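Novice: Before I ask anything, here is the structure I am working with.
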Number of protein chains: 2
Amino acid sequence: MPGVRPHPGEPPDEAAAGAVFAALADPTRRHLVTALAARSGGATATGLAAELPISRQAVAKHLATLDRAGLVSHTRHGREQRFELDPRPLADAAAWLTAVGAEWDTRLADLQRLLKG
Amino acid sequence: MPGVRPHPGEPPDEAAAGAVFAALADPTRRHLVTALAARSGGATATGLAAELPISRQAVAKHLATLDRAGLVSHTRHGREQRFELDPRPLADAAAWLTAVGAEWDTRLADLQRLLKG
DNA sequence: ACTGTGTGCAACCATTAGGTTGCGCATTCG
DNA sequence: CGAATGCGCAACCTAATGGTTGCACACAGT
(Lines give C-alpha, C1' and ligand atoms only; values in the text may rest on other atoms or scores of the structure.)
Protein backbone atom coordinates (compact mmCIF):
# COMPACT_ATOMS: atom_id res chain seq x y z
CA MET A 1 0.00 0.00 0.00
CA PRO A 2 2.11 2.85 -1.25
CA GLY A 3 -0.42 5.55 -0.44
CA VAL A 4 -0.60 8.00 2.43
CA ARG A 5 0.79 6.51 5.61
CA PRO A 6 2.58 9.16 7.62
CA HIS A 7 5.17 7.80 10.00
CA PRO A 8 5.78 9.97 13.08
CA GLY A 9 9.37 8.89 13.45
CA GLU A 10 10.61 10.40 10.20
CA PRO A 11 11.24 14.14 10.16
CA PRO A 12 8.92 15.83 7.69
CA ASP A 13 10.52 16.92 4.43
CA GLU A 14 9.84 20.64 4.43
CA ALA A 15 10.70 21.18 0.77
CA ALA A 16 8.61 18.30 -0.49
CA ALA A 17 5.68 19.26 1.71
CA GLY A 18 5.89 22.85 0.56
CA ALA A 19 5.91 21.79 -3.07
CA VAL A 20 2.81 19.68 -2.50
CA PHE A 21 0.99 22.51 -0.69
CA ALA A 22 1.83 24.92 -3.48
CA ALA A 23 0.68 22.40 -6.07
CA LEU A 24 -2.60 21.73 -4.29
CA ALA A 25 -3.27 25.40 -3.59
CA ASP A 26 -5.04 25.69 -6.94
CA PRO A 27 -8.58 24.25 -7.23
CA THR A 28 -8.04 23.19 -10.83
CA ARG A 29 -4.93 21.28 -9.81
CA ARG A 30 -6.82 19.61 -6.97
CA HIS A 31 -9.48 18.57 -9.46
CA LEU A 32 -6.82 17.12 -11.74
CA VAL A 33 -5.31 15.18 -8.86
CA THR A 34 -8.64 13.69 -7.85
CA ALA A 35 -9.43 12.94 -11.48
CA LEU A 36 -6.12 11.14 -11.88
CA ALA A 37 -6.68 9.28 -8.62
CA ALA A 38 -9.85 7.87 -10.14
CA ARG A 39 -8.16 6.81 -13.39
CA SER A 40 -5.53 4.22 -12.60
CA GLY A 41 -4.77 3.93 -16.31
CA GLY A 42 -3.68 7.54 -16.49
CA ALA A 43 -5.07 10.30 -18.68
CA THR A 44 -3.98 12.73 -21.37
CA ALA A 45 -3.97 16.51 -21.17
CA THR A 46 -6.59 16.77 -23.90
CA GLY A 47 -8.78 14.19 -22.24
CA LEU A 48 -8.65 15.99 -18.93
CA ALA A 49 -9.24 19.35 -20.59
CA ALA A 50 -12.41 17.97 -22.19
CA GLU A 51 -14.14 17.83 -18.81
CA LEU A 52 -12.91 21.24 -17.71
CA PRO A 53 -13.87 24.77 -18.73
CA ILE A 54 -10.29 25.67 -19.64
CA SER A 55 -8.01 25.09 -22.57
CA ARG A 56 -5.73 22.11 -23.12
CA GLN A 57 -2.64 24.27 -22.72
CA ALA A 58 -3.82 25.48 -19.35
CA VAL A 59 -4.25 21.86 -18.27
CA ALA A 60 -0.82 21.03 -19.65
CA LYS A 61 0.68 23.83 -17.57
CA HIS A 62 -1.04 22.53 -14.46
CA LEU A 63 0.19 19.02 -15.17
CA ALA A 64 3.70 20.40 -15.56
CA THR A 65 3.35 22.05 -12.16
CA LEU A 66 2.14 18.80 -10.62
CA ASP A 67 5.06 17.07 -12.30
CA ARG A 68 7.52 19.53 -10.75
CA ALA A 69 5.98 18.74 -7.37
CA GLY A 70 6.50 15.04 -8.07
CA LEU A 71 2.78 14.32 -7.89
CA VAL A 72 2.52 13.05 -11.44
CA SER A 73 4.54 10.94 -13.86
CA HIS A 74 4.25 11.18 -17.62
CA THR A 75 4.84 8.44 -20.18
CA ARG A 76 4.85 8.94 -23.91
CA HIS A 77 2.66 6.43 -25.72
CA GLY A 78 2.93 6.93 -29.42
CA ARG A 79 1.80 10.43 -30.17
CA GLU A 80 -0.08 10.83 -26.94
CA GLN A 81 1.33 11.45 -23.48
CA ARG A 82 -0.37 9.82 -20.55
CA PHE A 83 -0.14 11.29 -17.05
CA GLU A 84 -0.45 9.13 -13.98
CA LEU A 85 -0.78 10.07 -10.33
CA ASP A 86 2.16 9.52 -8.02
CA PRO A 87 0.75 9.74 -4.50
CA ARG A 88 4.06 9.41 -2.66
CA PRO A 89 4.67 13.16 -2.09
CA LEU A 90 1.23 13.36 -0.50
CA ALA A 91 2.69 11.45 2.42
CA ASP A 92 5.32 14.14 2.94
CA ALA A 93 2.63 16.80 3.12
CA ALA A 94 0.53 14.70 5.48
CA ALA A 95 3.57 14.10 7.65
CA TRP A 96 4.20 17.84 7.88
CA LEU A 97 0.61 18.47 8.93
CA THR A 98 0.64 15.79 11.59
CA ALA A 99 4.04 16.97 12.86
CA VAL A 100 2.74 20.51 13.37
CA GLY A 101 -0.41 19.21 15.01
CA ALA A 102 1.59 16.94 17.29
CA GLU A 103 3.96 19.75 18.25
CA TRP A 104 0.98 21.91 19.14
CA ASP A 105 -0.57 19.14 21.19
CA THR A 106 2.58 18.55 23.22
CA ARG A 107 3.07 22.28 23.81
CA LEU A 108 -0.51 22.50 24.98
CA ALA A 109 -0.05 19.49 27.25
CA ASP A 110 3.12 21.06 28.68
CA LEU A 111 1.22 24.24 29.40
CA GLN A 112 -1.62 22.45 31.15
CA ARG A 113 0.78 20.33 33.16
CA LEU A 114 2.52 23.53 34.18
CA LEU A 115 -0.72 25.16 35.29
CA LYS A 116 -1.99 22.16 37.22
CA GLY A 117 1.24 21.72 39.11
CA MET B 1 -6.28 15.58 21.63
CA PRO B 2 -7.64 18.16 19.28
CA GLY B 3 -4.78 17.93 16.80
CA VAL B 4 -4.51 16.10 13.50
CA ARG B 5 -6.50 12.93 13.59
CA PRO B 6 -8.08 12.31 10.19
CA HIS B 7 -11.17 10.15 10.29
CA PRO B 8 -11.77 8.12 7.13
CA GLY B 9 -15.51 8.07 7.55
CA GLU B 10 -16.07 11.78 7.12
CA PRO B 11 -15.98 13.16 3.60
CA PRO B 12 -13.12 15.62 3.27
CA ASP B 13 -14.08 19.28 3.27
CA GLU B 14 -12.79 20.45 -0.09
CA ALA B 15 -13.12 24.15 0.65
CA ALA B 16 -11.40 23.97 4.04
CA ALA B 17 -8.63 21.76 2.68
CA GLY B 18 -8.10 24.11 -0.25
CA ALA B 19 -7.87 27.08 2.07
CA VAL B 20 -5.26 25.29 4.16
CA PHE B 21 -3.22 24.29 1.12
CA ALA B 22 -3.29 27.86 -0.18
CA ALA B 23 -2.30 29.18 3.23
CA LEU B 24 0.59 26.73 3.56
CA ALA B 25 1.80 27.25 0.01
CA ASP B 26 3.98 30.12 1.18
CA PRO B 27 7.21 29.28 3.03
CA THR B 28 6.93 32.33 5.28
CA ARG B 29 3.44 31.27 6.29
CA ARG B 30 4.66 27.74 7.00
CA HIS B 31 7.37 29.21 9.19
CA LEU B 32 4.79 31.28 11.06
CA VAL B 33 2.64 28.21 11.60
CA THR B 34 5.52 26.17 13.00
CA ALA B 35 6.61 29.13 15.12
CA LEU B 36 3.10 29.44 16.53
CA ALA B 37 2.93 25.70 17.11
CA ALA B 38 5.98 26.07 19.36
CA ARG B 39 4.51 28.97 21.34
CA SER B 40 1.40 27.81 23.13
CA GLY B 41 1.04 31.26 24.68
CA GLY B 42 0.64 32.88 21.30
CA ALA B 43 2.73 35.60 19.72
CA THR B 44 2.40 39.11 18.35
CA ALA B 45 3.02 40.25 14.79
CA THR B 46 5.96 42.39 15.85
CA GLY B 47 7.47 39.59 17.88
CA LEU B 48 7.25 37.19 14.98
CA ALA B 49 8.61 39.77 12.56
CA ALA B 50 11.67 40.21 14.79
CA GLU B 51 12.92 36.76 13.87
CA LEU B 52 12.19 37.14 10.18
CA PRO B 53 13.87 39.14 7.42
CA ILE B 54 10.63 40.90 6.49
CA SER B 55 8.64 43.82 7.84
CA ARG B 56 5.99 43.67 10.51
CA GLN B 57 3.28 44.60 8.02
CA ALA B 58 4.22 41.69 5.81
CA VAL B 59 3.89 39.38 8.80
CA ALA B 60 0.56 40.96 9.68
CA LYS B 61 -0.68 40.28 6.15
CA HIS B 62 0.41 36.67 6.40
CA LEU B 63 -1.31 36.31 9.76
CA ALA B 64 -4.46 37.76 8.23
CA THR B 65 -4.24 35.15 5.48
CA LEU B 66 -3.80 32.39 8.05
CA ASP B 67 -6.75 33.84 9.92
CA ARG B 68 -8.91 33.69 6.79
CA ALA B 69 -7.94 30.03 6.47
CA GLY B 70 -9.01 29.46 10.07
CA LEU B 71 -5.52 28.42 11.10
CA VAL B 72 -5.06 31.20 13.60
CA SER B 73 -7.11 33.03 16.20
CA HIS B 74 -6.34 36.53 17.42
CA THR B 75 -7.09 38.01 20.81
CA ARG B 76 -6.59 41.62 21.74
CA HIS B 77 -4.65 42.02 24.97
CA GLY B 78 -4.42 45.67 25.85
CA ARG B 79 -2.67 47.37 23.00
CA GLU B 80 -1.12 44.24 21.65
CA GLN B 81 -2.77 41.52 19.65
CA ARG B 82 -1.73 37.95 20.28
CA PHE B 83 -2.09 35.28 17.61
CA GLU B 84 -2.52 31.65 18.49
CA LEU B 85 -2.48 28.57 16.32
CA ASP B 86 -5.73 26.75 15.64
CA PRO B 87 -4.74 23.34 14.31
CA ARG B 88 -8.24 22.10 13.53
CA PRO B 89 -8.25 22.98 9.82
CA LEU B 90 -5.05 20.98 9.44
CA ALA B 91 -7.16 17.88 9.98
CA ASP B 92 -9.32 18.79 6.97
CA ALA B 93 -6.25 19.07 4.78
CA ALA B 94 -4.83 15.81 6.10
CA ALA B 95 -8.18 14.12 5.49
CA TRP B 96 -8.16 15.32 1.88
CA LEU B 97 -4.67 13.94 1.34
CA THR B 98 -5.48 10.56 2.84
CA ALA B 99 -8.75 10.40 0.88
CA VAL B 100 -6.94 10.91 -2.41
CA GLY B 101 -4.27 8.41 -1.44
CA ALA B 102 -6.88 5.87 -0.43
CA GLU B 103 -8.82 6.38 -3.65
CA TRP B 104 -5.65 5.77 -5.64
CA ASP B 105 -4.86 2.65 -3.64
CA THR B 106 -8.29 1.12 -4.22
CA ARG B 107 -8.18 1.98 -7.94
CA LEU B 108 -4.78 0.36 -8.15
CA ALA B 109 -6.02 -2.69 -6.28
CA ASP B 110 -9.00 -2.94 -8.61
CA LEU B 111 -6.70 -2.82 -11.61
CA GLN B 112 -4.44 -5.54 -10.25
CA ARG B 113 -7.39 -7.71 -9.33
CA LEU B 114 -8.68 -7.23 -12.86
CA LEU B 115 -5.36 -8.25 -14.37
CA LYS B 116 -4.79 -11.27 -12.13
CA GLY B 117 -8.22 -12.82 -12.26
C1' DA C 1 1.02 65.18 30.20
C1' DC C 2 4.45 63.15 27.11
C1' DT C 3 6.98 59.75 24.98
C1' DG C 4 7.43 55.37 23.15
C1' DT C 5 5.74 51.10 21.42
C1' DG C 6 2.36 48.18 18.89
C1' DT C 7 -1.40 48.32 15.44
C1' DG C 8 -4.04 49.34 11.51
C1' DC C 9 -4.79 51.37 7.04
C1' DA C 10 -3.52 52.79 2.43
C1' DA C 11 -0.82 53.50 -1.59
C1' DC C 12 2.37 51.67 -4.32
C1' DC C 13 5.62 48.38 -6.84
C1' DA C 14 7.54 44.09 -9.00
C1' DT C 15 6.88 39.47 -9.85
C1' DT C 16 4.30 35.40 -10.37
C1' DA C 17 0.30 32.79 -11.79
C1' DG C 18 -3.53 31.31 -14.44
C1' DG C 19 -5.26 31.72 -18.75
C1' DT C 20 -5.59 32.64 -23.78
C1' DT C 21 -4.32 32.43 -28.81
C1' DG C 22 -1.46 31.12 -32.58
C1' DC C 23 1.71 28.22 -34.85
C1' DG C 24 4.69 24.30 -36.09
C1' DC C 25 5.84 19.46 -35.67
C1' DA C 26 5.06 14.58 -35.30
C1' DT C 27 2.25 10.58 -35.63
C1' DT C 28 -1.75 7.99 -36.70
C1' DC C 29 -5.47 6.78 -39.94
C1' DG C 30 -8.25 6.70 -44.34
C1' DC D 1 0.04 10.56 -49.84
C1' DG D 2 -2.99 13.58 -47.42
C1' DA D 3 -5.91 14.83 -43.63
C1' DA D 4 -6.65 14.90 -38.92
C1' DT D 5 -5.29 14.65 -34.21
C1' DG D 6 -2.41 15.39 -30.20
C1' DC D 7 1.65 17.96 -28.32
C1' DG D 8 4.91 21.44 -27.38
C1' DC D 9 6.56 26.12 -27.59
C1' DA D 10 6.16 31.02 -27.40
C1' DA D 11 4.03 35.52 -26.88
C1' DC D 12 0.89 37.94 -24.57
C1' DC D 13 -2.64 39.69 -21.10
C1' DT D 14 -4.74 40.34 -16.48
C1' DA D 15 -5.18 39.74 -11.84
C1' DA D 16 -3.38 38.32 -7.62
C1' DT D 17 0.55 38.01 -4.40
C1' DG D 18 4.36 39.22 -1.43
C1' DG D 19 6.65 42.95 -0.24
C1' DT D 20 7.66 47.85 0.82
C1' DT D 21 7.01 52.68 2.88
C1' DG D 22 4.48 56.27 5.18
C1' DC D 23 1.24 57.87 8.36
C1' DA D 24 -2.28 58.10 11.95
C1' DC D 25 -4.09 56.26 16.16
C1' DA D 26 -4.39 53.93 20.69
C1' DC D 27 -2.59 52.45 24.85
C1' DA D 28 1.43 52.04 28.53
C1' DG D 29 4.83 53.65 31.42
C1' DT D 30 7.31 57.33 33.65
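Residues are named by chain letter and number: chains run A, B, ... in the order of the C-alpha coordinates, numbers start at 1 in each chain, and ligands are numbered from 1 in the order shown.
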When you get a sec, could you note down which chain A residues fall within 10 Å of chain C, using only C-alpha atoms (C1' of nucleotides), as a PyMOL selection string?

Specialist: chain A and resi 26+28+54-55+57-59+61-62+78-80

Novice: Write the residues of the preceding selection, restricted to N, CA and C atoms, as a CSV table (one decimal), in the first residue's frame.

Specialist:
```
chain,number,residue,atom,x,y,z
A,26,ASP,N,-4.1,25.3,-5.9
A,26,ASP,CA,-5.0,25.7,-6.9
A,26,ASP,C,-6.2,24.7,-7.1
A,28,THR,N,-8.1,24.0,-9.6
A,28,THR,CA,-8.0,23.2,-10.8
A,28,THR,C,-7.1,22.0,-10.7
A,54,ILE,N,-11.5,25.0,-19.2
A,54,ILE,CA,-10.3,25.7,-19.6
A,54,ILE,C,-9.6,25.0,-20.8
A,55,SER,N,-8.7,25.6,-21.4
A,55,SER,CA,-8.0,25.1,-22.6
A,55,SER,C,-7.1,23.9,-22.3
A,57,GLN,N,-3.9,23.7,-23.1
A,57,GLN,CA,-2.6,24.3,-22.7
A,57,GLN,C,-2.6,24.6,-21.2
A,58,ALA,N,-3.7,25.2,-20.8
A,58,ALA,CA,-3.8,25.5,-19.3
A,58,ALA,C,-3.7,24.2,-18.5
A,59,VAL,N,-4.4,23.1,-19.0
A,59,VAL,CA,-4.2,21.9,-18.3
A,59,VAL,C,-2.8,21.3,-18.3
A,61,LYS,N,-0.1,23.1,-18.5
A,61,LYS,CA,0.7,23.8,-17.6
A,61,LYS,C,0.5,23.3,-16.2
A,62,HIS,N,-0.8,23.0,-15.8
A,62,HIS,CA,-1.0,22.5,-14.5
A,62,HIS,C,-0.4,21.2,-14.3
A,78,GLY,N,3.2,6.6,-28.0
A,78,GLY,CA,2.9,6.9,-29.4
A,78,GLY,C,2.9,8.4,-29.6
A,79,ARG,N,1.8,9.0,-30.0
A,79,ARG,CA,1.8,10.4,-30.2
A,79,ARG,C,1.1,11.1,-29.0
A,80,GLU,N,0.6,10.3,-28.1
A,80,GLU,CA,-0.1,10.8,-26.9
A,80,GLU,C,0.7,10.6,-25.7
```

Novice: Just list as a list in words whatever in range 75-112 of chain A DSSP marks as helix (DSSP H, G or I).

Specialist: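 So the helix (DSSP H, G or I) residues in range 75-112 of chain A would be Arg88, Pro89, Leu90, Ala91, Asp92, Ala93, Ala94, Ala95, Trp96, Leu97, Thr98, Ala99, Val100, Gly101, Ala102, Glu103, Trp104, Asp105, Thr106, Arg107, Leu108, Ala109, Asp110, Leu111 and Gln112 of chain A.
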
Novice: Which parts of chain B does DSSP call strand (DSSP E) when run on the backbone here, written out as a list in words?

Specialist: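 Secondary structure check on chain B, strand (DSSP E): Ala43, Thr44, Val72, Ser73, His74, Thr75, Arg76, His77, Glu80, Gln81, Arg82, Phe83, Glu84 and Leu85 of chain B.
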
Novice: For chain B, which residue among D:DC9, D:DT30, D:DC25, D:DA3 is the nearest when counting only C-alpha atoms (C1' of nucleotides)?

Specialist: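 Closest to chain B of all the choices is D:DC25.
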
Novice: Give me, as a ChimeraX atom specification, all polymer residues having an atom no more than 9 Å from Arg39 in chain A, counting only C-alpha atoms (C1' of nucleotides) and skipping those fewer than 5 positions away in the same chain.

Specialist: /A:34,84-85 /B:104,107-108

Novice: Dump N, CA and C atoms for the selected residues as a CSV table (one decimal), in the first residue's frame?

Specialist:
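Just written: result-v3.csv:
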```csv
chain,number,residue,atom,x,y,z
A,34,THR,N,-7.6,14.6,-8.2
A,34,THR,CA,-8.6,13.7,-7.9
A,34,THR,C,-9.1,12.9,-9.1
A,84,GLU,N,0.0,10.0,-15.0
A,84,GLU,CA,-0.5,9.1,-14.0
A,84,GLU,C,-0.1,9.8,-12.6
A,85,LEU,N,-1.0,9.5,-11.7
A,85,LEU,CA,-0.8,10.1,-10.3
A,85,LEU,C,0.3,9.3,-9.6
B,104,TRP,N,-6.7,6.3,-4.7
B,104,TRP,CA,-5.7,5.8,-5.6
B,104,TRP,C,-5.3,4.3,-5.3
B,107,ARG,N,-8.2,2.1,-6.5
B,107,ARG,CA,-8.2,2.0,-7.9
B,107,ARG,C,-7.1,1.1,-8.4
B,108,LEU,N,-5.9,1.2,-7.8
B,108,LEU,CA,-4.8,0.4,-8.2
B,108,LEU,C,-5.1,-1.1,-7.8
```

Novice: Give me, as number ranges by chain, all polymer residues having an atom no more than 12 Å from Leu32 in chain A, counting only C-alpha atoms (C1' of nucleotides) and skipping those fewer than 5 positions away in the same chain.

Specialist: A: 23-24, 26-27, 37-39, 42-45, 47-52, 58-67, 71-72, 83-85; B: 100

Novice: What are the residues of chain D lining chain A at 12 Å or less? Count only C-alpha atoms (C1' of nucleotides), and put the answer as a ChimeraX atom specification.

Specialist: /D:5-9

Novice: Which residue, B:Arg88, B:His74, B:Arg82, B:Arg68, has the smallest gap to chain A when you use only C-alpha atoms?

Specialist: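 So, comparing all the options, the nearest one is B:Arg88.
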